[in-house]
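Participant: So that we are looking at the same thing, I have put the structure below in structure tokens.
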Amino acid sequence: MTRRERLTTYAVVVPFAIFLAFPFYFALVTMFKTNLDLGDVQHSTTEHVRFLFEDTNYPRWLWNTLLVGAAVVGITLLLAMPAGYALARLAGGWGQSAGVAIFLVYLVPPTLLFLPLSRLITQLGLKDSLWALILIYPSFTVPFATWLLMGFFKTIPQELEDAALIDGASRLRAFALIVLPISVPGILTVVIFAFSLCVNEFIYAFTFISSSEQRTVSSGVPNDLIRGDVFFWQSLMAAVLIPTIPLALLYNAFLDRFIKGFTGGAFR
């Protein structure tokens, strides 16, 4: 890369990075300030963070979010991996069309579904239970994950599986020993996508959960930290920033594999 190209790259990337990082910086600074000291860089306090962890159900919301996210990720992988593999390898000519049809299910707006789903949750007796979210979230993580993994499985040479089958391995064994290790970027993409969705999703978490103790972060923060026209701004900033940090680190740690997982089947 020439000096001119490097300067052009920095000229584009640095302002963009500053623009994206400013909300995180603002949240970090605000969470340690009192209302009177927001413009004073010399004074800070941990009172709002203490209030968040000692006087609210925020630790419980974090635990609930982690629990729901782990369960949804497990269910998504359990259903999407064999479905994506079957559509990529065993479905024949109609596999691509079926994959697109499954993906279209993911595009249905949640605002059109939460009313009938709310009726279903009530009839199942899961109202105000984390099981409601664990049951509903895979309905839109599985279609996307199936479509994504189907495209990724198509990039894996089928000759590798054929060689294993000739050597006496079953289809399931070939899938477990040959396909899955090569598919780690696609699987990591599904894990990050599904878990991020569980952290960010609001409509279902707000509709199906009413008690504060059962809420996740996405519904608990706006419900308990905004009371009428009173906004606990410092605690709100802390509550948003804390779960953002591990997600950002997760994305950064697996960025290359994440991009590879999303683009793996793009040119097939």
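Here, A, B, ... name the chains of the structure tokens in the order displayed, residue numbers run from 1 inside each chain, and ligands are numbered from 1 in the same displayed order.
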Determine, counting only C-alpha atoms, which protein, DNA and RNA residues have an atom within 8 Å of an atom of range 77-92 of chain A; residues of the same chain fewer than 6 positions away are not included. Present the result as a PyMOL selection string.
Facilitator: chain A and resi 98-99+142-143+145-151+153-154+187+190-191
Participant: Compile the contact shell of Leu241 in chain A as a list in words: residues with an atom at most 8 Å away, counting only C-alpha atoms, same-chain residues fewer than 2 positions apart removed.
Facilitator: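 In the requested form, the answer reads Phe24, Ala27, Leu28, Met237, Ala238, Ala239, Pro243, Thr244 and Ile245 of chain A.
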Participant: Report as CSV: every residue of range 38-73 of chain A with an atom at most 10 Å from range 193-202 of chain A, its closest pair of atoms, and their distance in Å to one decimal, counting only C-alpha atoms, with rows sorted by chain and ascending residue number.
Facilitator:
residue,atom,partner,partner_atom,distance
A:Leu62,CA,A:Val199,CA,9.2
A:Asn64,CA,A:Val199,CA,9.9
A:Thr65,CA,A:Val199,CA,6.2
A:Leu66,CA,A:Val199,CA,8.2
A:Leu67,CA,A:Cys198,CA,9.8
A:Val68,CA,A:Cys198,CA,7.0
A:Gly69,CA,A:Phe195,CA,5.0
A:Ala70,CA,A:Phe195,CA,7.2
A:Ala71,CA,A:Phe195,CA,9.3
A:Val72,CA,A:Ala194,CA,7.0
A:Val73,CA,A:Ala194,CA,5.8
Participant: Check which residues of range 194-224 of chain A sit at most 7 Å from range 116-134 of chain A using only C-alpha atoms, and return one row each with the closest pair of atoms and their distance in Å to one decimal, ordered by chain and rising number, as a tab-separated table.
Facilitator:
residue	atom	partner	partner_atom	distance
A:Ala205	CA	A:Leu133	CA	6.8
A:Phe208	CA	A:Asp128	CA	5.7
A:Ile209	CA	A:Asp128	CA	4.2
A:Ser210	CA	A:Asp128	CA	5.6
A:Ser211	CA	A:Asp128	CA	6.6
A:Gln214	CA	A:Ser129	CA	6.6
Participant: Could you please write out, as a list of chain:residue names, every residue of range 3-233 of chain A that DSSP assigns to strand (DSSP E or B)?
Facilitator: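 These are the residues in question: A:Ile226, A:Arg227, A:Val230, A:Phe231.
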